[in-house]
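A short worksheet on the structure shown next.
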There are 2 protein chains.
Amino acid sequence: MKSPRVLLPWEEMPRQWYNVYADVPDAATPVLHPGTMQPVKPDDLAPLFPMAVIEQEVSRQRWIDIPQEVLEVLALWRPTPLHRARNLEKALETPARIYYKNESQSPPGSHKPNTAVAQAYYNKREGVKRIATETGAGQWGSALSFACAQFGLECMVYMVRVSFDQKPYRKSMIQTWGANVVASPSRLTKAGRTALANDPDCPGSLGLAISEAVEDAFGRDDTHYSLGSVLSHVILHQTIVGLETKKQLAAAGERPNVLIGCVGGGSNFGGFAMPFIPDKLDGQDLRIVAVEPESCPSITRGQYVFDYGDTAGMAPIVKMHTLGHTFMPPRIHAGGLRYHGMAPLISALVEKKLIEATARHQKTCFEAAIQFARTEGIIVAPETSHAVRVAIDEALECKKTGEAKVIAFNLSGHGHVDMAAYDAFFSGKLEDYAYPEEAIREAMKSVPEVKL
Amino acid sequence: MKSPRVLLPWEEMPRQWYNVYADVPDAATPVLHPGTMQPVKPDDLAPLFPMAVIEQEVSRQRWIDIPQEVLEVLALWRPTPLHRARNLEKALETPARIYYKNESQSPPGSHKPNTAVAQAYYNKREGVKRIATETGAGQWGSALSFACAQFGLECMVYMVRVSFDQKPYRKSMIQTWGANVVASPSRLTKAGRTALANDPDCPGSLGLAISEAVEDAFGRDDTHYSLGSVLSHVILHQTIVGLETKKQLAAAGERPNVLIGCVGGGSNFGGFAMPFIPDKLDGQDLRIVAVEPESCPSITRGQYVFDYGDTAGMAPIVKMHTLGHTFMPPRIHAGGLRYHGMAPLISALVEKKLIEATARHQKTCFEAAIQFARTEGIIVAPETSHAVRVAIDEALECKKTGEAKVIAFNLSGHGHVDMAAYDAFFSGKLEDYAYPEEAIREAMKSVPEVKL
């Protein structure tokens with residue numbers, strides 16, 4: 001017998017991140033200031049981000065060294081295993097070979113700390129004492145609080161009130177790692193106080209929480225802001241996932257034919273897929289598939305235009321697939337995928353046909369997750385279930401055609417903190433929702449006019 | 001830099017369990033039938049357990065082969081890493097070197113599936129179609145349902161009602177793996193119906209849930225019963241933890257001076273510690289420390305006598321450290337440690353001074369767990385926090401004495417499904433409780449008189 005896991009020895013853990021802009025330079029699009037609607041300069045971002053991160057955001061250098069201090073923290077759980085899903089293959093009776101990269105074994109249970117650790121480190125190095133951020137369901141807030149604890153930084157998390165009240169587990173994780181977490185809207189910022197004055201019972205939103213965190217960072221010299229997805233430096237930090245996967249597939253004697261990840265802002269998918277773009281450019285028989293929820297279908301049903309990064313229209317404007325920044329997705333359980341836009345890098349690569357996108361309804365995703373749990377054992381996060389669904393769909397297609405494709409997907413996180421979502425599925429409370437064209441057209445009206 | 005993790009290659013995963021009775025044969029004590037009060041025969045247990053497991057319970061063979069089918073399932077997450085806790089050492093300013101074995105990376109998040117997989121396999125091999133079990137907080141029920149899914153067995157879990165209602169996450173995990181889970185007392189058994197007739201709002205207890213599961217198994221030819229702790233075959237299956245640890249410590253060039261694990265029924269501690277008993281017998285400078293909660297101090301404050309395994313007095317009678325089977329510990333958050341007795345094997349080794357025991361209050365354990373989370377990153381289960389507390393205490397003692405001891409503990413599970421306990425700690429709702437002598441004396445009156 002062979003082990004179903006491909007473990008990478010520590011010595012082979014990547015020491016550099018891969019920057020895809022070196023190979024696809026025209027995938028870069030300008031980032032616009034929300035006030036002037038003109039391209040931001042590095043100095044505009046300096047109150048928010050450390051200079052190292054701002055440089056990475058616009059770098060064209062192919063390989064960027066991972067600092068020793070970052071490697072030392074990542075080594076607490078990296079390299080992560082690549083699994084061959086033999087039990088699932090057998091259950092599906094597919095000739096395909098299915099692999100999954102297991103990012104669920106980090107301390108917070110997802111891929112998020114890969115960038116949280118790097119961002120915390122660069123802030124620490126540049127003398128920042130405190131980082132403010134927002135979190136929706138809590139995955140990002142918990143990852144950043146874990147990372148800040150590693151570097152002795154204070155961390156302030158504005159958590160959307162409805163999650164703060166309904167998802168107390170992630171809040172407690174954030175506190176365990178020593179961060180401050182408040183329900184947003186809070187009384188700590190002008191944005192929060194204004195929202196509360198309008199509605200004392202305001203449930204909050206991700207857009208509003210971003211506004212609070214940004215205001216907090218702008219208002220204090222010792223504080224920066226940190227974002228867990230969408231931006232290119234975040235995807236850069238996540239490429240360690242794809243770089244490890246590439247080595248592990250090679251060690252297993254495999255070349256992938258289909259790579260799959262779920263997308264909300266695009267960070268886990270981007271980090272998993274980017275290192276394979278050169279192979280695609282070299283003509284390898286490879287499809288790279290981003291899976292989004294049917295209830296928030298930014299790539300498959302949105303437009304590729306300039307739009308605000310946040311709901312409130314205070315964040316920078318980027319070119320991306322968007323449903324309009326006022327688009328309000330329903331309360332699906334994959335909270336991490338409820339984003340009106342997409343990472344500009346992912347969007348650009350979709351336009352170049354290097355990446356394709358597909359959307360799935362949540363019930364069929366939970367069905368896939370349950371089949372996966374009963375075969376491979378791991379209970380995945382609701383977000384990850386979208387990748388599992390499409391991996392199974394691809395494998396079933398292979399069963400029809402008889403092709404022995406190599407399918408690999410990113411298992412971006414476990415679902416142990418999201419069991420309420422599974423419970424909703426089992427008790428029949430889960431609804432599928434697809435937006436009527438008109439609702440999307442309406443939200444698209446919020447897209448700003450941009451003249452460069 | 002060196003990796004903080006010692007990874008064992010798949011080829012070096014143990015292929016045999018270690019049976020300590022071969023080296024300490026007089027640690028074996030008889031198991032008595034609760035009806036006759038006389039030693040049980042294998043046939044008495046046949047309606048409940050597969051014959052292979054019954055044979056393991058009384059075996060004196062030193063090494064017992066792990067079946068290939070069991071190895072294949074364990075390989076989904078094993079071998080597990082051994083970590084050097086360098087960040088914690090630094091925070092404590094201790095000359096000690098601290099290691100922890102990470103059993104939190106199994107699909108259910110704890111060590112429990114090590115025996116669940118073996119038990120499910122032996123049942124499957126002997127033609128059993130269905131396994132009934134009880135679960136308190138849900139860790140064991142989820143591990144067994146995971147294992148049953150791997151072998152295509154039906155699984156029926158009687159879950160103590162108060163946990164069923166208040167800890168829905170574990171219930172949903174059990175369902176995700178395809179098991180049936182009902183609140184106990186249920187209407188499915190006579191024991192359950194009787195309890196409900198007496199009190200329709202009966203919150204249930206572990207003792208009652210055991211009674212329901214045993215009645216279920218006795219009542220159906222296709223069904224067996226399974227227990228997740230206390231018995232010697234359970235500890236045998238868990239020795240893979242200690243065997244891996246031994247290899248990993250050797251690979252790191254270390255010999256342990258202190259081994260630490262938390263104890264409820266004794267399975268994670270036993271599996272971790274047993275493989276080191278021969279070293280102790282050989283005169284190695286080694287202390288093996290079991291940590292129990294001060295609120296349920298069976299070894300440190302109980303007596304070593306024959307007592308019933310369950311609260312209701314229906315389970316076999318074993319010789320162990322017990323507080324009396326009617327002892328009712330308070331609702332501490334380490335639900336897995338709320339057991340009136342102790343594994344007979346552990347108790348016997350305590351009597352032989354091969355193992356020592358100590359007790360800790362829960363608040364000091366949560367403090368240790370939080371320090372551990374902020375240094376090593378991992379949020380441990382409330383049960384595990386007891387081992388963390390004593391590992392830190394030992395390391396602080398080394399700081400005083402200047403000794404560079406090697407301290408290793410078993411990280412038996414993560415706390416992601418137990419964050420409500422951390423929340424209770426942060427909000428100041430956690431109380432410490434130590435029983436007055438009189439309360440323990442009172443419960444000890446329930447111990448039966450045994451004449452052999």
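Convention: chains lettered A, B, ... in structure tokens order; per-chain residue numbering from 1; ligands numbered from 1 as shown.
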
Compute the set of chain A residues within 7 Å of chain B, using only C-alpha atoms, and express it as a PDB file with C-alpha atoms, in the first residue's frame.
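Below you can see out-v6.pdb, which holds the result:
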```pdb
ATOM      1  CA  SER A   3       0.128   6.526   1.690  1.00  0.00           C
ATOM      2  CA  PRO A   4      -2.755   8.655   0.408  1.00  0.00           C
ATOM      3  CA  ARG A   5      -0.752  11.720   1.459  1.00  0.00           C
ATOM      4  CA  TRP A  10      10.678  20.786   5.328  1.00  0.00           C
ATOM      5  CA  ALA A  75       6.632  26.104   9.543  1.00  0.00           C
ATOM      6  CA  LEU A  76       4.264  25.642  12.493  1.00  0.00           C
ATOM      7  CA  GLN A 105      -4.429  22.156   9.090  1.00  0.00           C
ATOM      8  CA  PRO A 107      -4.037  26.793  13.476  1.00  0.00           C
ATOM      9  CA  PHE A 146      -3.181  34.443  15.195  1.00  0.00           C
ATOM     10  CA  ALA A 149       0.155  37.122  18.321  1.00  0.00           C
ATOM     11  CA  GLN A 150       3.170  35.528  16.645  1.00  0.00           C
ATOM     12  CA  TYR A 169     -17.004  30.718  17.958  1.00  0.00           C
ATOM     13  CA  SER A 172     -13.804  33.585  20.798  1.00  0.00           C
ATOM     14  CA  MET A 173     -10.930  32.347  18.618  1.00  0.00           C
ATOM     15  CA  THR A 176      -7.994  33.582  22.417  1.00  0.00           C
ATOM     16  CA  TRP A 177      -5.217  34.832  20.150  1.00  0.00           C
ATOM     17  CA  ILE A 370     -21.143  15.328   2.579  1.00  0.00           C
ATOM     18  CA  ALA A 373     -16.782  13.730   4.345  1.00  0.00           C
ATOM     19  CA  ARG A 374     -18.097  10.183   4.123  1.00  0.00           C
ATOM     20  CA  THR A 375     -15.301   9.061   1.799  1.00  0.00           C
ATOM     21  CA  GLY A 377     -13.198  11.936   6.136  1.00  0.00           C
ATOM     22  CA  ILE A 378     -12.662  15.696   6.157  1.00  0.00           C
ATOM     23  CA  HIS A 416     -15.636  22.559  12.273  1.00  0.00           C
ATOM     24  CA  VAL A 417     -16.563  26.151  13.100  1.00  0.00           C
ATOM     25  CA  MET A 419     -21.387  23.159  11.493  1.00  0.00           C
ATOM     26  CA  ALA A 420     -24.498  25.332  11.800  1.00  0.00           C
ATOM     27  CA  TYR A 422     -24.470  21.683   7.754  1.00  0.00           C
ATOM     28  CA  ASP A 423     -27.236  21.612  10.328  1.00  0.00           C
TER      29      ASP A 423
END
```

Enumerate as a PyMOL selection string all residues of range 226-432 of chain A assigned to strand (DSSP E) by DSSP on the backbone, naming them with the chain letters and numbers the document uses. chain A and resi 258-262+287-293+303-308+317-322+356-360+406-411

Please produce an output containing N, CA and C atoms for each residue in the selection, written as a short mmCIF file (atom, residue, chain, number, x, y, z; two decimals), in the first residue's frame.
```cif
data_model
loop_
_atom_site.label_atom_id
_atom_site.label_comp_id
_atom_site.auth_asym_id
_atom_site.auth_seq_id
_atom_site.Cartn_x
_atom_site.Cartn_y
_atom_site.Cartn_z
N VAL A 258 -6.83 19.43 -14.55
CA VAL A 258 -7.85 20.38 -14.08
C VAL A 258 -7.47 20.82 -12.67
N LEU A 259 -7.40 22.14 -12.47
CA LEU A 259 -7.15 22.70 -11.14
C LEU A 259 -8.38 23.48 -10.72
N ILE A 260 -8.81 23.30 -9.48
CA ILE A 260 -10.09 23.87 -9.05
C ILE A 260 -9.95 24.56 -7.70
N GLY A 261 -10.54 25.73 -7.56
CA GLY A 261 -10.62 26.38 -6.26
C GLY A 261 -11.89 27.20 -6.19
N CYS A 262 -12.37 27.44 -4.97
CA CYS A 262 -13.53 28.32 -4.81
C CYS A 262 -13.05 29.76 -4.79
N ARG A 287 -6.80 22.93 -17.51
CA ARG A 287 -7.86 23.91 -17.30
C ARG A 287 -7.79 24.37 -15.84
N ILE A 288 -7.94 25.67 -15.63
CA ILE A 288 -7.88 26.23 -14.28
C ILE A 288 -9.24 26.85 -14.00
N VAL A 289 -9.97 26.26 -13.03
CA VAL A 289 -11.39 26.57 -12.87
C VAL A 289 -11.68 27.23 -11.52
N ALA A 290 -12.23 28.44 -11.58
CA ALA A 290 -12.67 29.14 -10.38
C ALA A 290 -14.16 28.87 -10.18
N VAL A 291 -14.54 28.49 -8.95
CA VAL A 291 -15.94 28.17 -8.67
C VAL A 291 -16.52 29.22 -7.73
N GLU A 292 -17.60 29.84 -8.18
CA GLU A 292 -18.25 30.83 -7.33
C GLU A 292 -19.68 30.40 -7.01
N PRO A 293 -20.29 30.97 -5.96
CA PRO A 293 -21.67 30.61 -5.65
C PRO A 293 -22.62 31.23 -6.67
N GLN A 303 -19.82 42.09 -14.78
CA GLN A 303 -19.10 42.72 -15.89
C GLN A 303 -17.68 43.07 -15.47
N TYR A 304 -16.79 43.13 -16.46
CA TYR A 304 -15.38 43.44 -16.19
C TYR A 304 -15.17 44.94 -16.36
N VAL A 305 -15.33 45.66 -15.25
CA VAL A 305 -15.27 47.13 -15.28
C VAL A 305 -14.59 47.63 -14.00
N PHE A 306 -14.34 48.92 -13.94
CA PHE A 306 -13.83 49.52 -12.70
C PHE A 306 -14.97 49.66 -11.70
N ASP A 307 -14.70 49.25 -10.46
CA ASP A 307 -15.72 49.41 -9.41
C ASP A 307 -15.03 49.54 -8.06
N TYR A 308 -15.78 50.06 -7.10
CA TYR A 308 -15.26 50.19 -5.74
C TYR A 308 -15.04 48.80 -5.12
N ILE A 317 -10.76 51.92 -6.17
CA ILE A 317 -11.51 51.42 -7.31
C ILE A 317 -10.56 50.54 -8.13
N VAL A 318 -11.01 49.33 -8.46
CA VAL A 318 -10.16 48.42 -9.23
C VAL A 318 -10.94 47.85 -10.40
N LYS A 319 -10.19 47.37 -11.40
CA LYS A 319 -10.85 46.76 -12.56
C LYS A 319 -11.05 45.28 -12.27
N MET A 320 -12.28 44.88 -12.31
CA MET A 320 -12.59 43.49 -11.90
C MET A 320 -13.96 43.08 -12.43
N HIS A 321 -14.23 41.80 -12.32
CA HIS A 321 -15.59 41.34 -12.54
C HIS A 321 -16.41 41.73 -11.32
N THR A 322 -17.48 42.45 -11.56
CA THR A 322 -18.28 42.93 -10.43
C THR A 322 -19.76 42.84 -10.76
N GLU A 356 -10.91 29.81 -16.25
CA GLU A 356 -12.35 29.81 -16.55
C GLU A 356 -13.12 29.82 -15.23
N ALA A 357 -14.38 30.16 -15.32
CA ALA A 357 -15.19 30.25 -14.10
C ALA A 357 -16.50 29.50 -14.28
N THR A 358 -17.01 29.02 -13.16
CA THR A 358 -18.30 28.34 -13.17
C THR A 358 -18.98 28.63 -11.84
N ALA A 359 -20.30 28.51 -11.80
CA ALA A 359 -21.03 28.81 -10.56
C ALA A 359 -21.88 27.61 -10.16
N ARG A 360 -22.08 27.44 -8.86
CA ARG A 360 -22.88 26.34 -8.34
C ARG A 360 -23.81 26.85 -7.24
N VAL A 406 -6.18 14.03 -14.37
CA VAL A 406 -5.68 14.36 -13.03
C VAL A 406 -6.35 15.66 -12.58
N ILE A 407 -7.16 15.55 -11.55
CA ILE A 407 -7.95 16.67 -11.04
C ILE A 407 -7.40 17.04 -9.67
N ALA A 408 -7.08 18.30 -9.46
CA ALA A 408 -6.58 18.73 -8.15
C ALA A 408 -7.36 19.95 -7.68
N PHE A 409 -7.76 19.94 -6.41
CA PHE A 409 -8.45 21.13 -5.89
C PHE A 409 -7.86 21.55 -4.56
N ASN A 410 -8.12 22.79 -4.22
CA ASN A 410 -7.60 23.33 -2.97
C ASN A 410 -8.65 23.19 -1.87
N LEU A 411 -8.32 22.42 -0.85
CA LEU A 411 -9.20 22.29 0.30
C LEU A 411 -8.84 23.45 1.23
#
```

Can you list, as a PyMOL selection string, every protein, DNA or RNA residue that comes within 7 Å of Phe272 in chain A when you count only C-alpha atoms, leaving out same-chain residues fewer than 3 positions away? chain A and resi 239+241-242+268-269+410

Could you write out, as a ChimeraX atom specification, all the residues of range 388-448 of chain A that DSSP marks as helix (DSSP H, G or I)? /A:388-401,419-426,437-444

As a PDB file with C-alpha atoms, in the first residue's frame, please: the residues near Tyr339 in chain B (cut-off 12 Å, only C-alpha atoms, same-chain neighbours under 6 positions excluded).
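What follows is the written file out-v2.pdb:
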```pdb
ATOM      1  CA  GLY B 136     -21.368  12.965  26.069  1.00  0.00           C
ATOM      2  CA  SER B 205     -26.393  11.495  31.620  1.00  0.00           C
ATOM      3  CA  LEU B 206     -23.497   9.511  30.215  1.00  0.00           C
ATOM      4  CA  GLY B 207     -24.483   6.550  32.370  1.00  0.00           C
ATOM      5  CA  SER B 229     -12.112   4.857  26.510  1.00  0.00           C
ATOM      6  CA  VAL B 230     -11.446   3.003  29.788  1.00  0.00           C
ATOM      7  CA  VAL B 263      -7.025  11.768  31.756  1.00  0.00           C
ATOM      8  CA  GLY B 264     -10.763  11.253  31.788  1.00  0.00           C
ATOM      9  CA  GLY B 265     -11.179   7.571  31.005  1.00  0.00           C
ATOM     10  CA  GLY B 266      -7.468   7.353  30.184  1.00  0.00           C
ATOM     11  CA  GLU B 292      -7.054  15.141  35.872  1.00  0.00           C
ATOM     12  CA  PRO B 293      -9.473  17.974  36.653  1.00  0.00           C
ATOM     13  CA  SER B 295     -13.430  18.763  39.930  1.00  0.00           C
ATOM     14  CA  CYS B 296     -13.279  15.056  39.021  1.00  0.00           C
ATOM     15  CA  PRO B 297     -10.142  13.798  40.787  1.00  0.00           C
ATOM     16  CA  SER B 298     -10.519  10.024  40.524  1.00  0.00           C
ATOM     17  CA  ILE B 299      -6.844   9.096  40.898  1.00  0.00           C
ATOM     18  CA  GLY B 302     -10.562   8.437  44.767  1.00  0.00           C
ATOM     19  CA  TYR B 308     -19.203  -0.130  38.119  1.00  0.00           C
ATOM     20  CA  GLY B 309     -18.051   1.382  34.838  1.00  0.00           C
ATOM     21  CA  ASP B 310     -21.255   3.400  34.468  1.00  0.00           C
ATOM     22  CA  THR B 311     -23.443   5.539  36.643  1.00  0.00           C
ATOM     23  CA  MET B 320      -9.893   1.214  39.234  1.00  0.00           C
ATOM     24  CA  HIS B 321      -9.465   4.517  40.956  1.00  0.00           C
ATOM     25  CA  THR B 322     -13.009   5.703  41.466  1.00  0.00           C
ATOM     26  CA  LEU B 323     -14.943   8.429  43.198  1.00  0.00           C
ATOM     27  CA  GLY B 324     -17.922   6.080  43.358  1.00  0.00           C
ATOM     28  CA  HIS B 325     -20.077   5.461  40.299  1.00  0.00           C
ATOM     29  CA  THR B 326     -22.810   7.781  41.549  1.00  0.00           C
ATOM     30  CA  PHE B 327     -20.329  10.671  41.774  1.00  0.00           C
ATOM     31  CA  MET B 328     -21.649  13.571  39.734  1.00  0.00           C
ATOM     32  CA  PRO B 329     -18.923  16.018  38.667  1.00  0.00           C
ATOM     33  CA  PRO B 330     -19.944  19.614  38.014  1.00  0.00           C
ATOM     34  CA  ARG B 331     -20.496  20.785  34.429  1.00  0.00           C
ATOM     35  CA  ILE B 332     -16.884  21.691  33.724  1.00  0.00           C
TER      36      ILE B 332
END
```
